[in-house]
file target_23.pdb (PDB, C-alpha atoms, pLDDT in the B column)
MODEL        1
ATOM      1  CA  MET M   1     -19.119 -15.647 -84.639  1.00 46.00           C
ATOM      2  CA  GLY M   2     -15.887 -13.957 -83.534  1.00 46.00           C
ATOM      3  CA  PHE M   3     -17.535 -10.539 -83.807  1.00 41.00           C
ATOM      4  CA  VAL M   4     -20.505 -11.722 -81.672  1.00 44.00           C
ATOM      5  CA  ILE M   5     -18.184 -13.046 -78.950  1.00 42.00           C
ATOM      6  CA  ARG M   6     -16.094  -9.875 -79.002  1.00 50.00           C
ATOM      7  CA  SER M   7     -19.220  -7.699 -78.908  1.00 48.00           C
ATOM      8  CA  THR M   8     -20.522  -9.627 -75.883  1.00 48.00           C
ATOM      9  CA  LEU M   9     -17.237  -9.140 -74.072  1.00 47.00           C
ATOM     10  CA  ILE M  10     -17.166  -5.423 -74.883  1.00 47.00           C
ATOM     11  CA  ILE M  11     -20.737  -4.989 -73.604  1.00 49.00           C
ATOM     12  CA  ALA M  12     -19.725  -6.699 -70.356  1.00 50.00           C
ATOM     13  CA  ILE M  13     -16.703  -4.412 -70.058  1.00 49.00           C
ATOM     14  CA  PHE M  14     -18.897  -1.355 -70.717  1.00 53.00           C
ATOM     15  CA  VAL M  15     -21.313  -2.330 -67.919  1.00 51.00           C
ATOM     16  CA  ALA M  16     -18.424  -3.161 -65.584  1.00 53.00           C
ATOM     17  CA  THR M  17     -16.855   0.215 -66.302  1.00 51.00           C
ATOM     18  CA  LEU M  18     -20.052   1.978 -65.224  1.00 52.00           C
ATOM     19  CA  SER M  19     -20.044   0.019 -61.957  1.00 48.00           C
ATOM     20  CA  ALA M  20     -16.363   0.674 -61.317  1.00 47.00           C
ATOM     21  CA  THR M  21     -16.783   4.359 -61.998  1.00 45.00           C
ATOM     22  CA  ARG M  22     -19.659   4.508 -59.558  1.00 44.00           C
ATOM     23  CA  SER M  23     -17.510   2.931 -56.831  1.00 41.00           C
ATOM     24  CA  ALA M  24     -14.542   5.204 -57.494  1.00 42.00           C
ATOM     25  CA  HIS M  25     -16.394   8.470 -56.904  1.00 44.00           C
ATOM     26  CA  CYS M  26     -18.414   9.781 -54.009  1.00 48.00           C
ATOM     27  CA  ALA M  27     -21.972  10.210 -55.258  1.00 43.00           C
ATOM     28  CA  PRO M  28     -22.714  13.915 -55.779  1.00 49.00           C
ATOM     29  CA  SER M  29     -26.078  15.448 -54.983  1.00 80.00           C
ATOM     30  CA  GLU M  30     -28.770  15.184 -57.635  1.00 90.00           C
ATOM     31  CA  PRO M  31     -29.328  17.992 -60.156  1.00 94.00           C
ATOM     32  CA  PHE M  32     -31.981  20.480 -59.041  1.00 91.00           C
ATOM     33  CA  GLY M  33     -31.036  19.678 -55.425  1.00 83.00           C
ATOM     34  CA  ASN M  34     -34.099  17.597 -54.620  1.00 73.00           C
ATOM     35  CA  HIS M  35     -34.326  14.373 -52.662  1.00 85.00           C
ATOM     36  CA  THR M  36     -35.122  11.349 -54.804  1.00 91.00           C
ATOM     37  CA  VAL M  37     -36.687   7.963 -54.148  1.00 92.00           C
ATOM     38  CA  GLU M  38     -35.759   4.786 -56.031  1.00 93.00           C
ATOM     39  CA  VAL M  39     -38.211   3.455 -58.610  1.00 94.00           C
ATOM     40  CA  ALA M  40     -38.046  -0.299 -58.039  1.00 93.00           C
ATOM     41  CA  ASP M  41     -40.099  -1.483 -61.013  1.00 93.00           C
ATOM     42  CA  GLY M  42     -42.430  -0.387 -63.793  1.00 95.00           C
ATOM     43  CA  PRO M  43     -42.363   0.346 -67.535  1.00 95.00           C
ATOM     44  CA  LEU M  44     -39.975   3.300 -67.275  1.00 96.00           C
ATOM     45  CA  LEU M  45     -37.352   1.187 -65.500  1.00 95.00           C
ATOM     46  CA  GLU M  46     -37.766  -1.528 -68.135  1.00 96.00           C
ATOM     47  CA  LYS M  47     -37.325   1.009 -70.950  1.00 96.00           C
ATOM     48  CA  TRP M  48     -34.186   2.387 -69.309  1.00 97.00           C
ATOM     49  CA  PHE M  49     -32.603  -1.042 -68.798  1.00 95.00           C
ATOM     50  CA  ALA M  50     -33.388  -1.920 -72.413  1.00 96.00           C
ATOM     51  CA  THR M  51     -31.732   1.351 -73.460  1.00 97.00           C
ATOM     52  CA  VAL M  52     -28.629   0.557 -71.380  1.00 96.00           C
ATOM     53  CA  ASN M  53     -28.331  -2.701 -73.319  1.00 96.00           C
ATOM     54  CA  LYS M  54     -28.532  -0.710 -76.558  1.00 96.00           C
ATOM     55  CA  LEU M  55     -25.742   1.553 -75.303  1.00 96.00           C
ATOM     56  CA  GLY M  56     -23.625  -1.534 -74.734  1.00 95.00           C
ATOM     57  CA  ARG M  57     -24.254  -2.647 -78.312  1.00 94.00           C
ATOM     58  CA  ASP M  58     -23.330   0.802 -79.616  1.00 93.00           C
ATOM     59  CA  HIS M  59     -20.130   0.656 -77.556  1.00 93.00           C
ATOM     60  CA  ALA M  60     -19.319  -2.733 -79.067  1.00 91.00           C
ATOM     61  CA  LEU M  61     -19.920  -1.444 -82.588  1.00 88.00           C
ATOM     62  CA  PHE M  62     -17.604   1.471 -81.858  1.00 85.00           C
ATOM     63  CA  GLY M  63     -14.836  -0.995 -81.112  1.00 81.00           C
ATOM     64  CA  ALA M  64     -15.580  -3.097 -84.176  1.00 86.00           C
ATOM     65  CA  CYS M  65     -15.640  -0.076 -86.473  1.00 87.00           C
ATOM     66  CA  SER M  66     -12.301   1.179 -85.197  1.00 74.00           C
ATOM     67  CA  ASP M  67     -10.314  -1.899 -86.212  1.00 67.00           C
ATOM     68  CA  SER M  68     -12.210  -3.641 -89.011  1.00 62.00           C
ATOM     69  CA  ASN M  69     -14.331  -3.103 -92.106  1.00 64.00           C
ATOM     70  CA  VAL M  70     -17.664  -3.966 -90.495  1.00 64.00           C
ATOM     71  CA  THR M  71     -20.586  -2.669 -92.542  1.00 62.00           C
ATOM     72  CA  GLU M  72     -22.893   0.099 -91.325  1.00 70.00           C
ATOM     73  CA  CYS M  73     -20.117   1.992 -89.577  1.00 88.00           C
ATOM     74  CA  GLY M  74     -21.168   5.408 -90.876  1.00 88.00           C
ATOM     75  CA  ALA M  75     -23.104   6.508 -87.791  1.00 91.00           C
ATOM     76  CA  ALA M  76     -20.395   5.167 -85.475  1.00 92.00           C
ATOM     77  CA  GLN M  77     -17.755   7.113 -87.360  1.00 89.00           C
ATOM     78  CA  GLN M  78     -19.835  10.297 -87.231  1.00 92.00           C
ATOM     79  CA  LEU M  79     -20.362  10.013 -83.500  1.00 94.00           C
ATOM     80  CA  GLY M  80     -16.758   8.946 -83.007  1.00 92.00           C
ATOM     81  CA  ALA M  81     -15.565  12.160 -84.641  1.00 93.00           C
ATOM     82  CA  ILE M  82     -17.733  14.201 -82.247  1.00 96.00           C
ATOM     83  CA  ILE M  83     -16.319  12.325 -79.257  1.00 96.00           C
ATOM     84  CA  GLU M  84     -12.713  12.737 -80.398  1.00 94.00           C
ATOM     85  CA  ASP M  85     -13.246  16.473 -80.875  1.00 96.00           C
ATOM     86  CA  ALA M  86     -14.736  16.640 -77.372  1.00 96.00           C
ATOM     87  CA  LYS M  87     -11.668  14.935 -75.918  1.00 95.00           C
ATOM     88  CA  ALA M  88      -9.552  17.739 -77.345  1.00 95.00           C
ATOM     89  CA  GLN M  89     -11.517  20.301 -75.295  1.00 93.00           C
ATOM     90  CA  ASN M  90     -10.981  21.252 -71.659  1.00 92.00           C
ATOM     91  CA  GLY M  91     -13.358  21.686 -68.747  1.00 91.00           C
ATOM     92  CA  LEU M  92     -16.812  23.012 -69.478  1.00 95.00           C
ATOM     93  CA  ALA M  93     -15.985  23.183 -73.192  1.00 96.00           C
ATOM     94  CA  VAL M  94     -16.270  19.375 -73.322  1.00 97.00           C
ATOM     95  CA  LEU M  95     -19.923  19.613 -72.286  1.00 97.00           C
ATOM     96  CA  GLY M  96     -20.582  22.532 -74.614  1.00 97.00           C
ATOM     97  CA  HIS M  97     -19.065  20.743 -77.591  1.00 97.00           C
ATOM     98  CA  ILE M  98     -21.102  17.582 -77.052  1.00 98.00           C
ATOM     99  CA  ASN M  99     -24.303  19.587 -76.547  1.00 98.00           C
ATOM    100  CA  ARG M 100     -23.883  21.588 -79.742  1.00 98.00           C
ATOM    101  CA  ALA M 101     -22.578  18.761 -81.913  1.00 98.00           C
ATOM    102  CA  ILE M 102     -25.322  16.297 -80.969  1.00 98.00           C
ATOM    103  CA  ASN M 103     -27.987  18.992 -81.401  1.00 98.00           C
ATOM    104  CA  PHE M 104     -26.790  19.497 -84.973  1.00 97.00           C
ATOM    105  CA  GLU M 105     -26.128  15.816 -85.738  1.00 97.00           C
ATOM    106  CA  ILE M 106     -29.549  14.287 -84.999  1.00 97.00           C
ATOM    107  CA  LYS M 107     -32.549  15.080 -87.175  1.00 97.00           C
ATOM    108  CA  PRO M 108     -35.460  16.120 -84.935  1.00 96.00           C
ATOM    109  CA  VAL M 109     -38.721  14.195 -85.041  1.00 95.00           C
ATOM    110  CA  VAL M 110     -41.890  14.970 -83.117  1.00 89.00           C
ATOM    111  CA  GLN M 111     -42.007  11.667 -81.233  1.00 91.00           C
ATOM    112  CA  SER M 112     -39.722   8.643 -81.197  1.00 91.00           C
ATOM    113  CA  ASP M 113     -39.103   5.592 -79.091  1.00 92.00           C
ATOM    114  CA  TRP M 114     -36.057   5.161 -76.850  1.00 96.00           C
ATOM    115  CA  ARG M 115     -33.316   5.159 -79.461  1.00 96.00           C
ATOM    116  CA  SER M 116     -29.633   4.548 -79.008  1.00 96.00           C
ATOM    117  CA  PRO M 117     -27.151   7.143 -80.324  1.00 96.00           C
ATOM    118  CA  LEU M 118     -26.446   5.228 -83.528  1.00 95.00           C
ATOM    119  CA  GLU M 119     -30.154   4.623 -84.118  1.00 95.00           C
ATOM    120  CA  ALA M 120     -30.806   8.352 -83.611  1.00 96.00           C
ATOM    121  CA  ILE M 121     -28.075   9.433 -86.008  1.00 95.00           C
ATOM    122  CA  ASN M 122     -29.464   7.067 -88.644  1.00 94.00           C
ATOM    123  CA  GLY M 123     -33.163   7.803 -88.115  1.00 94.00           C
ATOM    124  CA  GLY M 124     -33.598  10.969 -86.070  1.00 96.00           C
ATOM    125  CA  GLY M 125     -35.180  11.259 -82.664  1.00 96.00           C
ATOM    126  CA  ASP M 126     -36.925  13.388 -80.078  1.00 97.00           C
ATOM    127  CA  CYS M 127     -35.571  14.857 -76.834  1.00 97.00           C
ATOM    128  CA  LYS M 128     -34.916  11.365 -75.434  1.00 98.00           C
ATOM    129  CA  ALA M 129     -32.637  10.489 -78.350  1.00 98.00           C
ATOM    130  CA  TYR M 130     -30.674  13.731 -77.988  1.00 98.00           C
ATOM    131  CA  SER M 131     -30.228  13.304 -74.232  1.00 98.00           C
ATOM    132  CA  ILE M 132     -29.296   9.617 -74.409  1.00 98.00           C
ATOM    133  CA  SER M 133     -26.796  10.336 -77.192  1.00 98.00           C
ATOM    134  CA  LYS M 134     -25.142  13.060 -75.099  1.00 98.00           C
ATOM    135  CA  TYR M 135     -25.029  10.724 -72.103  1.00 98.00           C
ATOM    136  CA  PHE M 136     -23.303   8.054 -74.193  1.00 98.00           C
ATOM    137  CA  ALA M 137     -20.917  10.488 -75.890  1.00 97.00           C
ATOM    138  CA  LEU M 138     -19.759  11.999 -72.596  1.00 97.00           C
ATOM    139  CA  LEU M 139     -19.173   8.540 -71.137  1.00 97.00           C
ATOM    140  CA  GLU M 140     -17.096   7.647 -74.193  1.00 95.00           C
ATOM    141  CA  ALA M 141     -15.214  10.939 -73.827  1.00 96.00           C
ATOM    142  CA  GLY M 142     -14.176   9.945 -70.306  1.00 95.00           C
ATOM    143  CA  VAL M 143     -16.708  11.737 -68.090  1.00 96.00           C
ATOM    144  CA  ALA M 144     -17.498   9.747 -64.936  1.00 95.00           C
ATOM    145  CA  ALA M 145     -20.870   7.988 -64.987  1.00 95.00           C
ATOM    146  CA  ASP M 146     -21.627   9.391 -61.538  1.00 93.00           C
ATOM    147  CA  HIS M 147     -21.407  12.911 -63.009  1.00 96.00           C
ATOM    148  CA  LEU M 148     -24.201  12.338 -65.521  1.00 97.00           C
ATOM    149  CA  ARG M 149     -27.971  12.190 -65.093  1.00 98.00           C
ATOM    150  CA  LEU M 150     -30.800  11.914 -67.584  1.00 98.00           C
ATOM    151  CA  VAL M 151     -33.655  13.974 -66.169  1.00 98.00           C
ATOM    152  CA  ILE M 152     -37.305  13.908 -67.214  1.00 97.00           C
ATOM    153  CA  VAL M 153     -38.639  17.373 -66.549  1.00 96.00           C
ATOM    154  CA  HIS M 154     -41.728  19.492 -66.994  1.00 93.00           C
ATOM    155  CA  ALA M 155     -41.526  23.008 -68.415  1.00 88.00           C
ATOM    156  CA  ARG M 156     -43.714  25.421 -66.504  1.00 82.00           C
ATOM    157  CA  GLY M 157     -46.633  26.588 -68.630  1.00 79.00           C
ATOM    158  CA  GLN M 158     -46.084  23.841 -71.220  1.00 82.00           C
ATOM    159  CA  SER M 159     -47.973  20.631 -71.902  1.00 83.00           C
ATOM    160  CA  GLY M 160     -46.145  17.322 -71.848  1.00 88.00           C
ATOM    161  CA  ASN M 161     -42.748  16.424 -70.444  1.00 94.00           C
ATOM    162  CA  HIS M 162     -39.208  16.709 -71.745  1.00 96.00           C
ATOM    163  CA  MET M 163     -35.856  14.964 -71.257  1.00 97.00           C
ATOM    164  CA  VAL M 164     -32.511  16.685 -70.749  1.00 98.00           C
ATOM    165  CA  LEU M 165     -29.049  15.623 -69.665  1.00 98.00           C
ATOM    166  CA  ALA M 166     -27.511  17.037 -66.495  1.00 98.00           C
ATOM    167  CA  ALA M 167     -23.715  16.965 -66.185  1.00 98.00           C
ATOM    168  CA  LEU M 168     -21.672  17.824 -63.091  1.00 96.00           C
ATOM    169  CA  TRP M 169     -18.708  20.154 -63.482  1.00 94.00           C
ATOM    170  CA  GLN M 170     -16.910  21.792 -60.555  1.00 91.00           C
ATOM    171  CA  ASP M 171     -19.743  21.038 -58.107  1.00 90.00           C
ATOM    172  CA  ARG M 172     -22.414  22.524 -60.372  1.00 93.00           C
ATOM    173  CA  TRP M 173     -24.948  20.721 -62.515  1.00 96.00           C
ATOM    174  CA  PHE M 174     -25.327  22.017 -66.068  1.00 97.00           C
ATOM    175  CA  ILE M 175     -28.290  21.202 -68.307  1.00 98.00           C
ATOM    176  CA  LEU M 176     -27.642  19.981 -71.857  1.00 98.00           C
ATOM    177  CA  ASP M 177     -30.837  20.520 -73.831  1.00 98.00           C
ATOM    178  CA  ASN M 178     -31.741  19.914 -77.471  1.00 97.00           C
ATOM    179  CA  LEU M 179     -33.795  23.139 -77.383  1.00 96.00           C
ATOM    180  CA  THR M 180     -30.755  25.377 -76.841  1.00 96.00           C
ATOM    181  CA  LEU M 181     -27.030  25.476 -77.502  1.00 96.00           C
ATOM    182  CA  THR M 182     -26.447  27.218 -74.164  1.00 96.00           C
ATOM    183  CA  LEU M 183     -25.422  25.326 -71.044  1.00 97.00           C
ATOM    184  CA  VAL M 184     -27.713  26.407 -68.206  1.00 95.00           C
ATOM    185  CA  PRO M 185     -27.001  25.705 -64.507  1.00 95.00           C
ATOM    186  CA  ASP M 186     -29.766  23.653 -62.964  1.00 94.00           C
ATOM    187  CA  GLU M 187     -30.664  26.383 -60.469  1.00 90.00           C
ATOM    188  CA  ALA M 188     -31.278  28.802 -63.355  1.00 93.00           C
ATOM    189  CA  SER M 189     -33.451  26.371 -65.301  1.00 92.00           C
ATOM    190  CA  GLN M 190     -37.207  26.830 -65.561  1.00 89.00           C
ATOM    191  CA  TYR M 191     -37.747  23.082 -65.549  1.00 94.00           C
ATOM    192  CA  VAL M 192     -39.489  21.134 -62.801  1.00 92.00           C
ATOM    193  CA  PRO M 193     -37.651  17.801 -62.321  1.00 94.00           C
ATOM    194  CA  LEU M 194     -39.754  14.644 -62.259  1.00 95.00           C
ATOM    195  CA  LEU M 195     -37.500  11.616 -62.651  1.00 95.00           C
ATOM    196  CA  VAL M 196     -33.778  10.949 -62.932  1.00 97.00           C
ATOM    197  CA  LEU M 197     -32.042   8.051 -64.724  1.00 97.00           C
ATOM    198  CA  ASP M 198     -28.417   6.969 -64.534  1.00 96.00           C
ATOM    199  CA  ASP M 199     -26.169   3.922 -64.147  1.00 93.00           C
ATOM    200  CA  LYS M 200     -27.798   3.166 -60.785  1.00 93.00           C
ATOM    201  CA  GLY M 201     -31.348   2.990 -62.158  1.00 95.00           C
ATOM    202  CA  VAL M 202     -34.368   5.297 -61.971  1.00 97.00           C
ATOM    203  CA  ARG M 203     -35.386   7.617 -59.151  1.00 95.00           C
ATOM    204  CA  SER M 204     -38.387   9.880 -58.676  1.00 94.00           C
ATOM    205  CA  TYR M 205     -38.196  13.449 -57.398  1.00 91.00           C
ATOM    206  CA  VAL M 206     -41.788  13.346 -56.222  1.00 71.00           C
ATOM    207  CA  ALA M 207     -44.117  10.556 -57.287  1.00 51.00           C
ATOM    208  CA  PRO M 208     -45.570  11.739 -60.588  1.00 50.00           C
ATOM    209  CA  ALA M 209     -47.589   9.523 -62.856  1.00 46.00           C
ATOM    210  CA  VAL M 210     -45.440   9.922 -65.953  1.00 49.00           C
ATOM    211  CA  ASN M 211     -46.265   8.160 -69.196  1.00 50.00           C
ATOM    212  CA  TYR M 212     -43.088   8.758 -71.176  1.00 52.00           C
TER     213      TYR M 212
ENDMDL
END

call {"tool": "encode", "arguments": {"input": "target_23.pdb", "output": "structure tokens"}}
result
Amino acid sequence: MGFVIRSTLIIAIFVATLSATRSAHCAPSEPFGNHTVEVADGPLLEKWFATVNKLGRDHALFGACSDSNVTECGAAQQLGAIIEDAKAQNGLAVLGHINRAINFEIKPVVQSDWRSPLEAINGGGDCKAYSISKYFALLEAGVAADHLRLVIVHARGQSGNHMVLAALWQDRWFILDNLTLTLVPDEASQYVPLLVLDDKGVRSYVAPAVNY
């Protein structure tokens, strides 16, 4: 019971931290430089809010694993090691380390649901799992929530859509992608942005009918 109460409190603190971070920073422009419109409802918004709750649970488990012998801490310890190594880096190297380490840590699968980082480390995942795990890891490493965006994109000449993470560093957005170890500035990317997700919700770049 004590662990449940502590986990609930930690989840609340995690959500409050996202809100405080948002208030403490002036909102930068979106990656890819396009105007966006808020998505007020729909299945994608529901999936994202459910995923945010999972991130809170992962955050709580991180805390529990750091000071007790709670079972099933293996994935948390693996991800924790990646985050601690990232904290030892400086500047753009923080983003590069997280991108590479998560790309190597998660087993790729053709299609998966919206998995949290610990779920992805345990069971693999697709581009969503990689991007969400990088989002979580960078938050845990101290990167401001307002400097991170999950972006659903379309690759020109390809079928289907893809998810990447965009991270702001020195007024430039860099794309963290499970398909490459290289950080690519958004203006150099070949992707067409469709939707963006962050601590504020979901926004659409145009108004695509995306079934993701």

call {"tool": "resolve_selection", "arguments": {"input": "target_23.pdb", "expression": "the PyMOL selection byres ((chain M and resi 96-103) around 6)", "output": "list in words"}}
result
Ala86, Ala93, Val94, Leu95, Phe104, Glu105, Leu176, Asn178 and Leu181 of chain M

call {"tool": "atom_distance", "arguments": {"input": "target_23.pdb", "atom1": "CA of Gly33 (chain M)", "atom2": "CA of Ser133 (chain M)"}}
result
24.1 Å

call {"tool": "resolve_selection", "arguments": {"input": "target_23.pdb", "expression": "the PyMOL selection byres ((chain M and resi 199) around 7)", "output": "list in words"}}
result
Leu18, Ala145, Asp198, Lys200 and Gly201 of chain M

call {"tool": "closest_residue", "arguments": {"input": "target_23.pdb", "among": "M:Ala40, M:Ile83, M:Val110, M:Leu179", "to": "Phe136 (chain M)", "atoms": "all atoms listed in the file"}}
result
M:Ile83

call {"tool": "atom_distance", "arguments": {"input": "target_23.pdb", "atom1": "CA of Lys47 (chain M)", "atom2": "CA of Ala120 (chain M)"}}
result
16.0 Å

call {"tool": "resolve_selection", "arguments": {"input": "target_23.pdb", "expression": "the PyMOL selection byres ((chain M and resi 34) around 12)", "output": "number ranges by chain"}}
result
M: 29-33, 35-37, 186-187, 192-196, 203-206

call {"tool": "atom_distance", "arguments": {"input": "target_23.pdb", "atom1": "CA of Leu44 (chain M)", "atom2": "CA of Leu118 (chain M)"}}
result
21.2 Å

call {"tool": "closest_residue", "arguments": {"input": "target_23.pdb", "among": "M:Ala64, M:Leu197, M:Leu183, M:Leu55", "to": "Ala137 (chain M)", "atoms": "only C-alpha atoms"}}
result
M:Leu55

call {"tool": "residues_around", "arguments": {"input": "target_23.pdb", "residues": "Asp126 (chain M)", "least_positions_apart": "3", "cutoff": "8 Å", "atoms": "all atoms listed in the file", "output": "list in words"}}
result
Pro108, Val109, Val110, Gln111, Ser112, Ala129 and Tyr130 of chain M

call {"tool": "closest_residue", "arguments": {"input": "target_23.pdb", "among": "M:Met163, M:Ile175, M:Gln78, M:Trp169", "to": "Cys65 (chain M)", "atoms": "all atoms listed in the file"}}
result
M:Gln78

call {"tool": "closest_residue", "arguments": {"input": "target_23.pdb", "among": "M:Asn90, M:Gln77, M:Ser131, M:Asn53", "to": "His162 (chain M)", "atoms": "only C-alpha atoms"}}
result
M:Ser131

call {"tool": "closest_residue", "arguments": {"input": "target_23.pdb", "among": "M:Gly63, M:Gln190, M:Val202, M:Leu139", "to": "Phe49 (chain M)", "atoms": "only C-alpha atoms"}}
result
M:Val202

call {"tool": "residues_near_point", "arguments": {"input": "target_23.pdb", "point": "(-22.3, 4.7, -83.3)", "cutoff": "8 Å", "atoms": "all atoms listed in the file", "output": "CSV table (one decimal) with C-alpha atoms, keeping the file's coordinate frame"}}
result
chain,number,residue,atom,x,y,z
M,58,ASP,CA,-23.3,0.8,-79.6
M,59,HIS,CA,-20.1,0.7,-77.6
M,61,LEU,CA,-19.9,-1.4,-82.6
M,62,PHE,CA,-17.6,1.5,-81.9
M,73,CYS,CA,-20.1,2.0,-89.6
M,74,GLY,CA,-21.2,5.4,-90.9
M,75,ALA,CA,-23.1,6.5,-87.8
M,76,ALA,CA,-20.4,5.2,-85.5
M,77,GLN,CA,-17.8,7.1,-87.4
M,78,GLN,CA,-19.8,10.3,-87.2
M,79,LEU,CA,-20.4,10.0,-83.5
M,80,GLY,CA,-16.8,8.9,-83.0
M,117,PRO,CA,-27.2,7.1,-80.3
M,118,LEU,CA,-26.4,5.2,-83.5
M,119,GLU,CA,-30.2,4.6,-84.1
M,121,ILE,CA,-28.1,9.4,-86.0

call {"tool": "closest_residue", "arguments": {"input": "target_23.pdb", "among": "M:Gly124, M:Pro43, M:Leu138, M:Ala144", "to": "Lys87 (chain M)", "atoms": "only C-alpha atoms"}}
result
M:Leu138

call {"tool": "residues_around", "arguments": {"input": "target_23.pdb", "residues": "Asp171 (chain M)", "least_positions_apart": "3", "cutoff": "10 Å", "atoms": "all atoms listed in the file", "output": "list in words"}}
result
Pro28, Ser29, His147, Ala167, Leu168 and Phe174 of chain M
